[in-house]
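**Q** As input, take final.txt (compact mmCIF, C-alpha atoms and all ligand atoms):
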# COMPACT_ATOMS: atom_id res chain seq x y z
CA MET A 7 -5.26 10.44 -6.12
CA VAL A 8 -5.42 8.79 -2.72
CA SER A 9 -6.48 12.05 -1.11
CA ILE A 10 -9.12 12.61 -3.80
CA GLY A 11 -10.49 9.14 -3.12
CA GLY A 12 -10.51 9.94 0.59
CA LEU A 13 -12.44 13.17 0.08
CA GLN A 14 -14.97 11.49 -2.15
CA ALA A 15 -15.22 8.20 -0.29
CA ALA A 16 -18.56 6.83 0.82
CA PRO A 17 -19.46 6.45 4.49
CA GLY A 18 -19.19 3.07 6.23
CA ALA A 19 -19.64 -0.18 4.35
CA LEU A 20 -20.89 1.68 1.27
CA GLU A 21 -17.24 2.41 0.52
CA GLU A 22 -16.75 -1.29 -0.25
CA VAL A 23 -19.52 -1.11 -2.83
CA ARG A 24 -17.93 2.03 -4.27
CA GLU A 25 -14.63 0.20 -4.62
CA LEU A 26 -16.35 -2.62 -6.45
CA LEU A 27 -18.07 -0.14 -8.79
CA ASN A 28 -14.75 1.53 -9.53
CA SER A 29 -13.20 -1.70 -10.79
CA TRP A 30 -14.34 -0.38 -14.19
CA LEU A 31 -13.88 3.17 -15.46
CA ILE A 32 -12.72 5.43 -18.31
CA PRO A 33 -9.60 7.09 -16.91
CA ASN A 34 -9.39 10.81 -17.54
CA ASP A 35 -5.94 10.59 -19.15
CA LEU A 36 -6.51 7.48 -21.28
CA ARG A 37 -10.16 8.09 -22.31
CA THR A 38 -10.69 4.39 -23.00
CA PRO A 39 -12.86 1.97 -21.01
CA THR A 40 -10.60 0.15 -18.57
CA GLU A 41 -11.39 -3.09 -16.78
CA ARG A 42 -9.69 -3.36 -13.41
CA PHE A 43 -11.77 -6.15 -11.97
CA ASP A 44 -8.83 -8.57 -11.81
CA ASP A 45 -6.91 -6.05 -9.68
CA PHE A 46 -9.94 -5.71 -7.41
CA VAL A 47 -10.17 -9.50 -7.03
CA ARG A 48 -6.46 -9.78 -6.25
CA SER A 49 -6.29 -6.92 -3.76
CA HIS A 50 -9.39 -8.15 -1.90
CA LYS A 51 -8.33 -11.81 -2.09
CA ILE A 52 -11.66 -12.83 -3.56
CA PRO A 53 -11.97 -16.55 -4.40
CA SER A 54 -12.32 -17.21 -8.13
CA ASP A 55 -15.60 -19.11 -7.73
CA ILE A 56 -17.45 -16.01 -6.53
CA ALA A 57 -15.58 -13.47 -8.65
CA ALA A 58 -17.74 -14.06 -11.75
CA GLU A 59 -20.94 -13.44 -9.79
CA LEU A 60 -19.49 -10.31 -8.22
CA ARG A 61 -18.59 -8.92 -11.61
CA LEU A 62 -22.14 -9.38 -12.89
CA LEU A 63 -23.41 -7.67 -9.76
CA ARG A 64 -21.00 -4.79 -10.32
CA ASP A 65 -22.35 -4.22 -13.82
CA ASP A 66 -25.96 -4.23 -12.58
CA LEU A 67 -25.12 -1.87 -9.71
CA ARG A 68 -23.48 0.52 -12.14
CA LEU A 69 -26.69 0.56 -14.19
CA ALA A 70 -28.60 1.34 -10.99
CA LEU A 71 -26.52 4.48 -10.43
CA ARG A 72 -27.93 6.40 -13.39
CA PRO A 73 -30.56 4.77 -13.22
CA GLU A 74 -31.02 2.92 -16.49
CA PRO A 75 -34.44 1.50 -17.44
CA GLY A 76 -34.80 -1.98 -15.97
CA SER A 77 -32.02 -1.47 -13.41
CA VAL A 78 -34.51 -1.70 -10.54
CA ASP A 79 -35.77 -5.06 -11.86
CA ARG A 80 -32.19 -6.31 -11.93
CA LEU A 81 -31.64 -5.26 -8.33
CA ASN A 82 -34.85 -6.98 -7.28
CA ALA A 83 -33.68 -10.13 -9.06
CA TRP A 84 -30.45 -10.06 -7.03
CA VAL A 85 -32.43 -9.63 -3.82
CA LEU A 86 -34.49 -12.73 -4.65
CA ARG A 87 -31.58 -14.82 -5.90
CA LEU A 88 -29.41 -14.14 -2.84
CA GLY A 89 -32.30 -14.45 -0.40
CA VAL A 90 -31.88 -10.98 1.08
CA VAL A 91 -34.53 -10.26 3.73
CA PRO A 92 -34.94 -7.40 6.17
CA GLU A 93 -34.60 -8.05 9.87
CA ILE A 94 -36.18 -5.55 12.21
CA HIS A 95 -34.42 -4.56 15.42
CA GLN A 96 -35.32 -2.26 18.28
CA ARG A 97 -33.54 0.48 16.40
CA GLY A 98 -33.75 0.14 12.66
CA ILE A 99 -33.40 -2.61 10.09
CA THR A 100 -30.54 -4.81 8.90
CA TYR A 101 -30.53 -7.34 6.06
CA ARG A 102 -29.93 -11.08 6.28
CA HIS A 103 -28.97 -13.14 3.24
CA ARG A 104 -27.40 -16.35 2.02
CA GLY A 105 -25.37 -14.75 -0.74
CA GLY A 106 -21.81 -14.47 0.62
CA LEU A 107 -19.88 -11.42 -0.50
CA ALA A 108 -22.38 -10.54 -3.26
CA GLY A 109 -25.13 -10.73 -0.61
CA ASP A 110 -23.17 -8.34 1.61
CA MET A 111 -22.88 -5.90 -1.29
CA VAL A 112 -26.62 -6.10 -2.05
CA ALA A 113 -27.49 -5.68 1.65
CA VAL A 114 -25.33 -2.55 1.88
CA THR A 115 -26.92 -1.25 -1.32
CA LEU A 116 -30.45 -1.76 0.06
CA ASP A 117 -29.50 0.06 3.23
CA ALA A 118 -28.05 2.93 1.16
CA ILE A 119 -31.24 3.15 -0.93
CA ALA A 120 -33.40 3.14 2.22
CA THR A 121 -31.33 5.87 3.89
CA GLY A 122 -30.96 8.11 0.83
CA ARG A 123 -27.22 7.54 0.56
CA TRP A 124 -27.44 5.72 -2.75
CA GLU A 125 -28.47 8.94 -4.51
CA ARG A 126 -25.24 10.54 -3.31
CA LEU A 127 -23.21 7.85 -5.00
CA LYS A 128 -22.58 9.33 -8.43
CA GLU A 129 -20.90 8.32 -11.64
CA CYS A 130 -18.76 11.09 -13.14
CA PRO A 131 -20.11 11.76 -16.67
CA ASP A 132 -16.53 12.04 -17.98
CA CYS A 133 -14.43 9.30 -16.44
CA ARG A 134 -17.25 7.17 -14.98
CA TRP A 135 -15.40 7.03 -11.67
CA VAL A 136 -17.91 6.66 -8.85
CA PHE A 137 -17.68 9.15 -5.99
CA TYR A 138 -19.74 10.01 -2.96
CA ASP A 139 -21.22 13.50 -3.05
CA HIS A 140 -20.71 15.02 0.41
CA THR A 141 -21.98 18.48 -0.57
CA ARG A 142 -24.92 19.84 1.39
CA ASN A 143 -27.25 20.17 -1.59
CA SER A 144 -26.00 16.98 -3.26
CA GLY A 145 -25.39 19.02 -6.41
CA LYS A 146 -22.04 17.67 -7.53
CA ARG A 147 -21.86 16.16 -11.01
CA TRP A 148 -18.20 15.64 -11.85
CA CYS A 149 -15.46 14.02 -9.84
CA ARG A 150 -12.35 15.98 -8.87
CA MET A 151 -10.08 13.95 -11.10
CA THR A 152 -7.52 15.74 -13.24
CA ALA A 153 -5.39 14.19 -15.97
CA GLY A 154 -1.64 14.79 -15.73
CA GLY A 155 -1.59 16.47 -12.31
CA PRO A 156 -3.51 19.34 -10.72
CA LYS A 157 -3.11 21.63 -13.75
CA GLY A 158 -4.20 18.97 -16.24
CA ARG A 159 -7.57 18.62 -17.87
CA SER A 160 -10.20 18.09 -15.21
CA CYS A 161 -13.42 16.15 -15.53
CA GLY A 162 -16.24 18.46 -16.54
CA SER A 163 -13.84 21.10 -17.90
CA ILE A 164 -15.18 20.86 -21.47
CA ALA A 165 -18.74 21.32 -20.19
CA LYS A 166 -17.60 24.21 -17.97
CA VAL A 167 -15.88 25.97 -20.88
CA ARG A 168 -19.00 25.51 -23.01
CA ARG A 169 -21.24 27.02 -20.30
CA PHE A 170 -18.81 29.93 -19.84
CA ARG A 171 -18.87 30.67 -23.59
CA GLU A 172 -22.65 30.49 -23.65
CA ARG A 173 -22.84 33.03 -20.83
CA GLN A 174 -20.35 35.29 -22.62
CA ALA A 175 -22.39 35.06 -25.81
CA ALA A 176 -25.62 35.83 -23.94
CA THR A 177 -24.21 39.00 -22.37
CA ALA A 178 -22.39 40.23 -25.49
ZN ZN A 201 -14.31 12.21 -13.56
Please go through the file and, once you have read it, give me the structure as C-alpha cells.
Ligand SMILES: [Zn+2]
**A**
Amino acid sequence: MVSIGGLQAAPGALEEVRELLNSWLIPNDLRTPTERFDDFVRSHKIPSDIAAELRLLRDDLRLALRPEPGSVDRLNAWVLRLGVVPEIHQRGITYRHRGGLAGDMVAVTLDAIATGRWERLKECPDCRWVFYDHTRNSGKRWCRMTAGGPKGRSCGSIAKVRRFRERQAATA
C-alpha cells in the first residue's frame, strides 16, 4: 500500500493536501465510510484548536474534487476568511495568508488550480481514496487499490466486468 501511495502521490506540497483529503475514505475491503481524521491529527501533531477548522476545510476540498455544485463558492469563502492573496514575483505567483495550516492548504490548492494540477487529483469512484493521476492523457478514473492483496477485488473491477460483458453482448 505504501508503494501504491508512492506511485499515485501528488507532486510537491500538493501531497500534503492529498494526505488531508485521504483522512476520510471508504476502504475497498470494508466498504463503509471510515473517518481517519484523528489519526491524521496525531501523526501530523496538529494542535487541537486548529484541527476542527482543518476538518471543515477537508470536507469542502473533497467537494471541490468532483466538483459538486457550490463547491467553488465554498473555496472562495475560505480564501476570504483566511485572507489569502496572491503575491507576484519576477517568476510566477505565490500566495500569502493569515490562516495558519488551513491557509497553507488553501494556498497550495489555489496554486494547483492555477497550474492545472488540481484536475489530476482524483477521487476513486469506489473507495473515494484520492490519488494523483500521472498518466499522460489524465484519463485514469480508479485508484490501484485492491482488497485482500494483489489478487483481491480491485477498484473499478465491477465496472470493468460490466463493460466487458456489454462488449461481448454487442459482438455476439
Ligand atoms: Zn479505489
**Q** Set the distance at 9 Å and use all atoms listed in the file: which residues neighbour A:Phe43 once local chain neighbours fewer than 6 positions away are removed? I'd like the list as a list in words.
**A**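 Contacts, in chain order: Leu26, Asn28, Ser29, Trp30, Ala57 and Arg61 of chain A.
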**Q** Determine, counting only C-alpha atoms, which protein, DNA and RNA residues have an atom within 12 Å of an atom of A:Gly18; residues of the same chain fewer than 2 positions away are not included. Present the result as a list in words.
**A** Ala15, Ala16, Leu20, Glu21, Glu22, Val23, Arg24, Val114, Thr115, Asp117, Ala118, Arg123 and Tyr138 of chain A
**Q** With a distance cut-off of 12 Å and all atoms listed in the file, select the neighbouring residues of A:Ile52, excluding the residue or stretch itself and same-chain residues fewer than 6 positions from it, and output the selection as a JSON list (two decimals) with C-alpha atoms, keeping the file's coordinate frame.
**A**
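After the write, result-v4.json holds the following:
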[["chain", "number", "residue", "atom", "x", "y", "z"],
["A", 26, "LEU", "CA", -16.35, -2.62, -6.45],
["A", 43, "PHE", "CA", -11.77, -6.15, -11.97],
["A", 44, "ASP", "CA", -8.83, -8.57, -11.81],
["A", 45, "ASP", "CA", -6.91, -6.05, -9.68],
["A", 46, "PHE", "CA", -9.94, -5.71, -7.41],
["A", 58, "ALA", "CA", -17.74, -14.06, -11.75],
["A", 59, "GLU", "CA", -20.94, -13.44, -9.79],
["A", 60, "LEU", "CA", -19.49, -10.31, -8.22],
["A", 61, "ARG", "CA", -18.59, -8.92, -11.61],
["A", 106, "GLY", "CA", -21.81, -14.47, 0.62],
["A", 107, "LEU", "CA", -19.88, -11.42, -0.50],
["A", 108, "ALA", "CA", -22.38, -10.54, -3.26]]
**Q** Ranking A:Met151, A:Leu116, A:Glu125, A:Pro73 by minimum distance to A:Asp139 and counting all atoms listed in the file, which one comes first?
**A**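 Of all the options, A:Glu125 lies closest to A:Asp139.
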**Q** Which residues of chain A come within 12 Å of ligand ZN 201 (chain A), and for each one, what is the closest pair of atoms and their distance in Å to one decimal, counting only C-alpha atoms and all ligand atoms, sorted by chain and residue number, as a Markdown table?
**A**
| residue | atom | partner | partner_atom | distance |
| --- | --- | --- | --- | --- |
| A:Met7 | CA | A:ZN201 | ZN | 11.8 |
| A:Ile10 | CA | A:ZN201 | ZN | 11.1 |
| A:Gly11 | CA | A:ZN201 | ZN | 11.5 |
| A:Gln14 | CA | A:ZN201 | ZN | 11.5 |
| A:Asn28 | CA | A:ZN201 | ZN | 11.4 |
| A:Leu31 | CA | A:ZN201 | ZN | 9.2 |
| A:Ile32 | CA | A:ZN201 | ZN | 8.4 |
| A:Pro33 | CA | A:ZN201 | ZN | 7.7 |
| A:Asn34 | CA | A:ZN201 | ZN | 6.5 |
| A:Asp35 | CA | A:ZN201 | ZN | 10.2 |
| A:Leu36 | CA | A:ZN201 | ZN | 12.0 |
| A:Arg37 | CA | A:ZN201 | ZN | 10.5 |
| A:Lys128 | CA | A:ZN201 | ZN | 10.1 |
| A:Glu129 | CA | A:ZN201 | ZN | 7.9 |
| A:Cys130 | CA | A:ZN201 | ZN | 4.6 |
| A:Pro131 | CA | A:ZN201 | ZN | 6.6 |
| A:Asp132 | CA | A:ZN201 | ZN | 4.9 |
| A:Cys133 | CA | A:ZN201 | ZN | 4.1 |
| A:Arg134 | CA | A:ZN201 | ZN | 6.0 |
| A:Trp135 | CA | A:ZN201 | ZN | 5.6 |
| A:Val136 | CA | A:ZN201 | ZN | 8.1 |
| A:Phe137 | CA | A:ZN201 | ZN | 8.8 |
| A:Lys146 | CA | A:ZN201 | ZN | 11.2 |
| A:Arg147 | CA | A:ZN201 | ZN | 8.9 |
| A:Trp148 | CA | A:ZN201 | ZN | 5.5 |
| A:Cys149 | CA | A:ZN201 | ZN | 4.3 |
| A:Arg150 | CA | A:ZN201 | ZN | 6.3 |
| A:Met151 | CA | A:ZN201 | ZN | 5.2 |
| A:Thr152 | CA | A:ZN201 | ZN | 7.7 |
| A:Ala153 | CA | A:ZN201 | ZN | 9.4 |
| A:Arg159 | CA | A:ZN201 | ZN | 10.3 |
| A:Ser160 | CA | A:ZN201 | ZN | 7.4 |
| A:Cys161 | CA | A:ZN201 | ZN | 4.5 |
| A:Gly162 | CA | A:ZN201 | ZN | 7.2 |
| A:Ser163 | CA | A:ZN201 | ZN | 9.9 |
| A:Ile164 | CA | A:ZN201 | ZN | 11.8 |
**Q** Near stretch 80-91 of chain A, counting all atoms listed in the file, which residues have an atom at most 12 Å away, once you skip same-chain residues fewer than 4 positions from it, shown as a PyMOL selection string?
**A** chain A and resi 59-60+62-71+73-76+99-117+119
**Q** Looking at A:Ala176, A:Val78, A:Ile94, A:Leu13, which one is nearest to A:His140, with distances taken over only C-alpha atoms?
**A** A:Leu13
**Q** What does the structure give for the distance between atom CA of A:Arg142 and atom CA of A:Leu127, in Å to one decimal?
**A**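 Atom CA of A:Leu127 lies at a distance of 13.7 Å from atom CA of A:Arg142.
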**Q** So how many Å separate atom CA of A:Ala19 and atom CA of A:Trp124, to one decimal?
**A**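 Between these atoms lies a distance of 12.1 Å.
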**Q** What is the atom CA of A:Glu93 to atom CA of A:Asp79 distance in Å?
**A**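 Rounded to one decimal, the two atoms are 22.0 Å apart.
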